[in-house]
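Here's the structure, in structure tokens; my notes come after.
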Amino acid sequence: MDEASAAVVVDARGIVTGWSEGARRLTGHPAGEAVGRAVRELLAEEAPAGTPPVPSGSVVLRHRDGHPVRVRATVTPLSGPDGDPAGYILHAEPPGAAETSLAGRAFQQASMAMTVFDTEQRYLRLNDVSCRVVGATEEEMIGRPYRDTGEASGHQQGLQWHLRRVAETGEPVHYETLGRAPSGKRFHAWNVEMWPVRDPSGELIGTALAAFDSTEQHRGRQRLALLNEAATSIGTTLDVVRTAEELVQLLVPAFADFAAVDLLDWVLGTHEPPVLTEADVELRRVAHGSATQGSPASAVRLGGADVYPPYSPPARALREGRPVLGLAGQRAFDRWLGSRGAPAPPDNARRAPIHSLLAVPLRARGTTLGVAVAVRNLFPDPYAPEDGALVEELASRVAVCVDNARRFARERSTALALQHSLLPKGLPGQAAVEVAHRYLPSGSAAGIGGDWFDVIPLSGSRVALVVGDVVGHGIPSTATMGRLCTAVRTLADVDLPPDELLTHLDDLVIHLASGDDEEVAEVGATCLYAVYDPVSRRLSAAAAGHPPPAVVLPDGTCDLIELSAGPPLGVGGLPFEATELQLPEGSVVALYTDGLVEGRDRDVDHTTGELCRALTVPAASLDALCDNVLKAVLPEEPGDDVALLLARTRALGSGQVATRDVPHDPVEVGAARQWAAERLTEWGLADIAFITELVVSELVTNAIRYGTPPVQLRLIRDRTLICEVSDGSATSPHMRRAHAFDEGGRGLLLVAQLTQRWGSRQTNTGKVIWAEQPLSAL
């Protein structure tokens with residue numbers, strides 16, 4: 001036994017029957033004075049009633065000379081032969097006496113908090129770390145119940161509950177807890193180990209506790225969890241605002257009481273990034289959020305701009321390119337907060353001043369985009385430098401996502417502007433058809449596709465209807481679409497039949513693919529080209545890998561036109577075939593791209609059936625019918641571009657078309673001229689009869705002189721007066737300038753000067769030469 005310790009034997013009545021030398025040295029009473037007296041008479045303070053006569057824990061004895069002696073008492077009960085209580089052995093030693101032993105020093109100097117309690121959760125022993133945690137000396141704590149040593153927080157209540165459970169069950173406990181120690185204001189994480197303490201007989205006489213401060217490990221796990229969550233929750237869309245909102249939702253409330261993302265204005269537009277200077281910085285708020293509504297309140301509304309002075313943390317973070325920490329008490333930080341003028345929080349909000357702030361720049365690919373701000377006012381711990389490293393890592397991920405979204409938005413805007421410039425803006429009035437159209441750009445992350453449509457006026461009041469699709473997305477597909485759209489218009493001006501036009505277009509795509517434009521070969525293209533003649537009411541169509549058009553007849557029936565399936569453009573080696581059918585006046589022809597009926601989770605046959613059903617629903621106009629079709633067939637978010645072109649057919653009757661067969665004899669030129677004049681008089685166009693006679697004379701003369709029978713003259717009264725002369729020769733005429741002594745060569749030059757435009761086209765039986773005169777003066 002240690003020299004500073006004492007042993008006392010007490011019988012069941014509390015009378016001292018044994019007194020050690022250590023007890024004499026500790027109290028000054030010799031054995032003769034102590035034996036036979038009640039042990040309670042040796043106490044300087046009244047002990048609580050009950051058994052044993054002296055409680056375990058901190059006890060104050062009265063020294064023989066009168067001064068108090070505080071000791072730590074351990075009471076061990078004694079049993080008689082029959083098992084009845086026979087007395088107690090009291091072991092007492094001054095606080096800190098055990099430190100003289102190696103085991104005592106190891107306990108006292110342990111790096112973790114270690115504490116010993118009796119079975120009633122009263123302190124028996126504390127080491128140095130435990131004393132620092134509770135903020136008191138061991139002498140002050142011994143004998144005090146644990147419940148009296150701190151505020152009734154969840155952390156304190158949990159410890160007390162576990163201590164009581166170990167004392168009741170005798171089973172050890174290991175768990176982790178988070179809370180503030182009685183002596184501190186910062187939150188700490190603790191790994192706690194509790195176990196029962198037993199005497200040599202196995203009886204439970206107390207509990208021991210060891211607590212390791214795992215705050216750094218806990219915070220490290222929190223940071224890692226935030227980074228892992230950021231990998232899956234940030235950048236889910238190519239939208240700048242949504243990406244900023246995802247960062248705010250990640251930070252609040254796990255890391256901040258308030259968070260905001262402010263961007264430079266150029267990020268939200270198409271301008272180049274400015275050079276950051278020492279002057280004030282203007283930022284635009286795109287996202288913010290609070291853990292508690294209105295506390296702290298935002299000084300900037302969403303979408304609003306705010307000017308940050310050079311000394312403010314956000315401006316410094318932008319200029320210096322590193323995290324900036326602002327803490328309450330810093331002169332510049334307090335000055336900036338005082339100038340913010342944030343609105344007062346609502347009455348139900350928890351009011352607390354902002355005590356720390358982190359401002360982290362959003363930088364991606366060497367460019368500064370904006371700043372992320374995290375604020376704490378209710379959160380007890382201020383931000384530390386390592387928190388800046390965490391937010392900097394999160395901000396770098398957000399910055400890359402914001403920059404990707406910005407680049408995508410810019411490319412999408414460029415592709416959409418290019419596509420709109422290539423698509424027809426206003427379709428001219430047509431005698432052949434009434435048209436309505438819709439174009440819906442893709443909203444997917446893949447970008448704008450290469451869908452297009454066109455309505456091209458042809459000679460003889462005919463019209464060409466075109467839809468096409470360059471497979472792929474982005475500016476390359478849009479540029480390829482522009483080339484093909486221009487090529488179709490050029491080939492249509494030559495007045496080629498649909499199958500021949502697609503053959504020439506296929507050659508063009510192959511030629512482009514063999515050069516520098518490898519993307520054309522990689523993505524491919526499809527096209528549908530149809531020509532409608534209002535005189536014969538015939539529709540001729542050919543497709544290159546494109547969905548067939550639908551036709552709604554005046555009786556309300558709808559069906560797809562059965563076309564010979566041609567290969568997509570660029571394949572080469574396979575022919576294209578045209579299909580012809582005659583349509584009643586008032587039929588509706590629907591041309592569309594595959595984005596209308598195809599999709600990842602859509603059945604083509606089902607959606608095509610839905611398209612036909614939607615086309616048969618009565619509508620007030622073709623425009624209304626377009627809207628009805630898109631609403632009935634398309635999902636809420638189509639994954640591809642959609643082009644839809646509706647054309648209602650018209651017909652030119654006998655009152656607008658006059659035809660005369662001309663015998664292959666030069667003397668018939670005069671008769672043809674007279675016949676044309678009579679028709680114009682019937683139509684009320686006598687004022688242009690002279691010019692028309694000259695045109696008819698020249699065209700009929702050329703057909704008789706250079707062509708082959710049969711020769712036919714046709715006049716069409718539409719928005720212009722069209723004069724057509726056909727013959728059986730396939731030789732195309734060309735205009736030339738006659739020399740002074742030439743007898744001929746001036747006919748077509750005269751026609752070109754007298755008319756608005758002229759031209760020729762090939763037919764199955766020869767050619768047609770035509771000329772148009774304006775009727776705007778009538």
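Just remember, in the structure tokens the first chain shown is A, the second B, etc., residues are 1-based per chain, and ligands are 1-based in the order shown.
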
### Message
For the alpha helix (DSSP H) assignment from backbone DSSP, which residues of stretch 694-725 of chain A qualify? Please present them as a list in words.
### Response
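Answer for stretch 694-725 of chain A, restricted to alpha helix (DSSP H): Leu694, Val695, Val696, Ser697, Glu698, Leu699, Val700, Thr701, Asn702, Ala703, Ile704, Arg705 and Tyr706 of chain A.
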
Residues within 8 Å of stretch 434-437 of chain A, only C-alpha atoms, excluding chain neighbours under 2 positions, as an mmCIF file with C-alpha atoms, in the first residue's frame:
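Contents of result.cif, freshly written:
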data_model
loop_
_atom_site.group_PDB
_atom_site.id
_atom_site.type_symbol
_atom_site.label_atom_id
_atom_site.label_comp_id
_atom_site.auth_asym_id
_atom_site.auth_seq_id
_atom_site.Cartn_x
_atom_site.Cartn_y
_atom_site.Cartn_z
ATOM 1 C CA GLY A 429 -47.890 32.710 -101.207
ATOM 2 C CA GLN A 430 -48.512 29.673 -103.376
ATOM 3 C CA ALA A 431 -51.314 28.851 -105.760
ATOM 4 C CA ALA A 432 -50.463 25.178 -105.431
ATOM 5 C CA TYR A 439 -39.546 23.617 -85.991
ATOM 6 C CA LEU A 622 -53.307 24.493 -90.660
ATOM 7 C CA ASP A 623 -51.389 26.344 -87.932
ATOM 8 C CA CYS A 626 -49.633 21.782 -86.458
ATOM 9 C CA ALA A 643 -39.528 19.615 -88.219
ATOM 10 C CA LEU A 644 -43.158 19.413 -89.359
ATOM 11 C CA LEU A 645 -44.485 20.758 -92.689
ATOM 12 C CA LEU A 646 -48.182 20.627 -93.566
ATOM 13 C CA ALA A 647 -49.412 21.483 -97.077
ATOM 14 C CA ARG A 648 -53.095 21.660 -98.126
ATOM 15 C CA THR A 649 -53.373 21.155 -101.888
ATOM 16 C CA ARG A 650 -55.164 23.494 -104.267
#

### Selected residue of minimal separation from A:Arg410 among A:Ala479, A:Val696, A:Val267, A:Leu713, counting only C-alpha atoms
A:Val267

### Task
Excluding A:Thr115 and any residue of its chain fewer than 3 positions from it, enumerate the residues within 9 Å of it, using only C-alpha atoms, and give them as a PyMOL selection string.
chain A and resi 123-127+130+207-211

Dump as a CSV table (one decimal), in the first residue's frame, selection limited to C-alpha atoms:
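Generated output (again-v9.csv):
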chain,number,residue,atom,x,y,z
A,123,TYR,CA,-16.6,11.1,-9.9
A,124,LEU,CA,-13.8,9.0,-8.2
A,125,ARG,CA,-10.8,9.8,-10.4
A,126,LEU,CA,-10.0,12.1,-13.4
A,127,ASN,CA,-6.8,12.4,-15.3
A,130,SER,CA,-10.4,14.9,-18.4
A,207,THR,CA,-17.4,2.3,-14.1
A,208,ALA,CA,-14.5,3.7,-16.1
A,209,LEU,CA,-14.6,5.9,-19.2
A,210,ALA,CA,-12.0,6.7,-21.8
A,211,ALA,CA,-12.8,9.3,-24.5

### Residues within 8 Å of stretch 758-775 of chain A, only C-alpha atoms, excluding chain neighbours under 6 positions, as number ranges by chain
A: 459-460, 494-496, 695, 699, 719-733, 751-752

### Query
Could you name the residues that touch stretch 329-332 of chain A at 8 Å or less, counting only C-alpha atoms, but leaving out those on the same chain fewer than 4 positions away, as a PyMOL selection string?
chain A and resi 311-312+336

### Task
Please return as a PyMOL selection string: the residues of stretch 382-627 of chain A that backbone DSSP assigns to strand (DSSP E or B).
chain A and resi 433-440+449-457+463-473+525-533+538-544+550-552+558-560+569+579-582+588-592

Mind writing the picked residues with C-alpha atoms as a PDB file, in the first residue's frame?
ATOM      1  CA  VAL A 433     -50.613  24.712-101.644  1.00  0.00           C
ATOM      2  CA  GLU A 434     -51.412  26.386 -98.342  1.00  0.00           C
ATOM      3  CA  VAL A 435     -48.598  25.650 -95.903  1.00  0.00           C
ATOM      4  CA  ALA A 436     -47.925  25.706 -92.161  1.00  0.00           C
ATOM      5  CA  HIS A 437     -44.780  24.563 -90.385  1.00  0.00           C
ATOM      6  CA  ARG A 438     -43.148  24.075 -87.010  1.00  0.00           C
ATOM      7  CA  TYR A 439     -39.546  23.617 -85.991  1.00  0.00           C
ATOM      8  CA  LEU A 440     -38.664  22.574 -82.413  1.00  0.00           C
ATOM      9  CA  GLY A 449     -29.670  18.841 -84.628  1.00  0.00           C
ATOM     10  CA  GLY A 450     -29.618  19.255 -88.396  1.00  0.00           C
ATOM     11  CA  ASP A 451     -33.338  19.127 -89.263  1.00  0.00           C
ATOM     12  CA  TRP A 452     -34.628  21.430 -91.986  1.00  0.00           C
ATOM     13  CA  PHE A 453     -37.617  22.006 -94.255  1.00  0.00           C
ATOM     14  CA  ASP A 454     -38.332  24.163 -97.288  1.00  0.00           C
ATOM     15  CA  VAL A 455     -41.076  25.133 -99.720  1.00  0.00           C
ATOM     16  CA  ILE A 456     -39.662  25.986-103.173  1.00  0.00           C
ATOM     17  CA  PRO A 457     -41.783  27.549-105.947  1.00  0.00           C
ATOM     18  CA  VAL A 463     -44.204  23.663-105.731  1.00  0.00           C
ATOM     19  CA  ALA A 464     -41.499  21.511-104.138  1.00  0.00           C
ATOM     20  CA  LEU A 465     -41.897  20.359-100.514  1.00  0.00           C
ATOM     21  CA  VAL A 466     -38.684  19.335 -98.735  1.00  0.00           C
ATOM     22  CA  VAL A 467     -37.754  17.970 -95.312  1.00  0.00           C
ATOM     23  CA  GLY A 468     -34.327  16.687 -94.331  1.00  0.00           C
ATOM     24  CA  ASP A 469     -32.275  15.639 -91.337  1.00  0.00           C
ATOM     25  CA  VAL A 470     -28.528  15.593 -90.843  1.00  0.00           C
ATOM     26  CA  VAL A 471     -27.970  13.014 -88.158  1.00  0.00           C
ATOM     27  CA  GLY A 472     -25.905  14.450 -85.326  1.00  0.00           C
ATOM     28  CA  HIS A 473     -25.936  17.621 -83.262  1.00  0.00           C
ATOM     29  CA  ALA A 525     -28.285  12.580 -93.794  1.00  0.00           C
ATOM     30  CA  THR A 526     -31.823  11.824 -94.933  1.00  0.00           C
ATOM     31  CA  CYS A 527     -34.142  13.784 -97.219  1.00  0.00           C
ATOM     32  CA  LEU A 528     -37.671  13.684 -98.645  1.00  0.00           C
ATOM     33  CA  TYR A 529     -38.376  15.687-101.810  1.00  0.00           C
ATOM     34  CA  ALA A 530     -41.879  16.005-103.267  1.00  0.00           C
ATOM     35  CA  VAL A 531     -43.318  18.066-106.164  1.00  0.00           C
ATOM     36  CA  TYR A 532     -47.001  18.973-106.432  1.00  0.00           C
ATOM     37  CA  ASP A 533     -48.614  20.209-109.669  1.00  0.00           C
ATOM     38  CA  ARG A 538     -50.358  15.009-109.044  1.00  0.00           C
ATOM     39  CA  LEU A 539     -47.792  14.587-106.284  1.00  0.00           C
ATOM     40  CA  SER A 540     -44.420  13.043-107.091  1.00  0.00           C
ATOM     41  CA  ALA A 541     -42.175  12.132-104.164  1.00  0.00           C
ATOM     42  CA  ALA A 542     -38.894  10.304-103.478  1.00  0.00           C
ATOM     43  CA  ALA A 543     -37.103   9.605-100.182  1.00  0.00           C
ATOM     44  CA  ALA A 544     -33.489   9.049 -99.168  1.00  0.00           C
ATOM     45  CA  ALA A 550     -48.808  11.153 -94.468  1.00  0.00           C
ATOM     46  CA  VAL A 551     -51.798  12.262 -96.564  1.00  0.00           C
ATOM     47  CA  VAL A 552     -55.197  13.257 -95.202  1.00  0.00           C
ATOM     48  CA  CYS A 558     -55.320   9.365 -93.392  1.00  0.00           C
ATOM     49  CA  ASP A 559     -52.579   7.040 -94.532  1.00  0.00           C
ATOM     50  CA  LEU A 560     -48.855   6.990 -95.187  1.00  0.00           C
ATOM     51  CA  LEU A 569     -27.616  10.277 -98.544  1.00  0.00           C
ATOM     52  CA  THR A 579     -43.793   7.569-106.464  1.00  0.00           C
ATOM     53  CA  GLU A 580     -46.689   9.466-108.068  1.00  0.00           C
ATOM     54  CA  LEU A 581     -50.276   9.768-106.958  1.00  0.00           C
ATOM     55  CA  GLN A 582     -53.181  12.055-107.738  1.00  0.00           C
ATOM     56  CA  VAL A 588     -53.275  17.656 -96.524  1.00  0.00           C
ATOM     57  CA  VAL A 589     -49.759  16.334 -97.013  1.00  0.00           C
ATOM     58  CA  ALA A 590     -47.673  16.024 -93.810  1.00  0.00           C
ATOM     59  CA  LEU A 591     -43.883  15.886 -94.102  1.00  0.00           C
ATOM     60  CA  TYR A 592     -41.815  15.482 -90.916  1.00  0.00           C
TER      61      TYR A 592
END

### Task
Identify, on the basis of only C-alpha atoms, every residue whose closest approach to A:Ala49 does not exceed 12 Å; exclude the query and any residue fewer than 6 positions from it along the same chain; express the result as a list in words.
Gly14, Arg40 and Pro55 of chain A

### Task
In Å, rounded to a single decimal, give me how far atom CA of A:Pro52 is from atom CA of A:Phe107.
27.9 Å

#### Entry: Proximity to A:Asp381 - best of A:Asp640, A:Asp257, A:Glu21, A:Glu245, only C-alpha atoms
A:Asp257

### Task
For each of A:Leu694, A:Ala110, A:Leu42, A:Ile688, take the minimum atom-to-atom distance to A:Val669, counting only C-alpha atoms, then give the residue where this is smallest.
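The answer is A:Leu694, which sits nearest to A:Val669.
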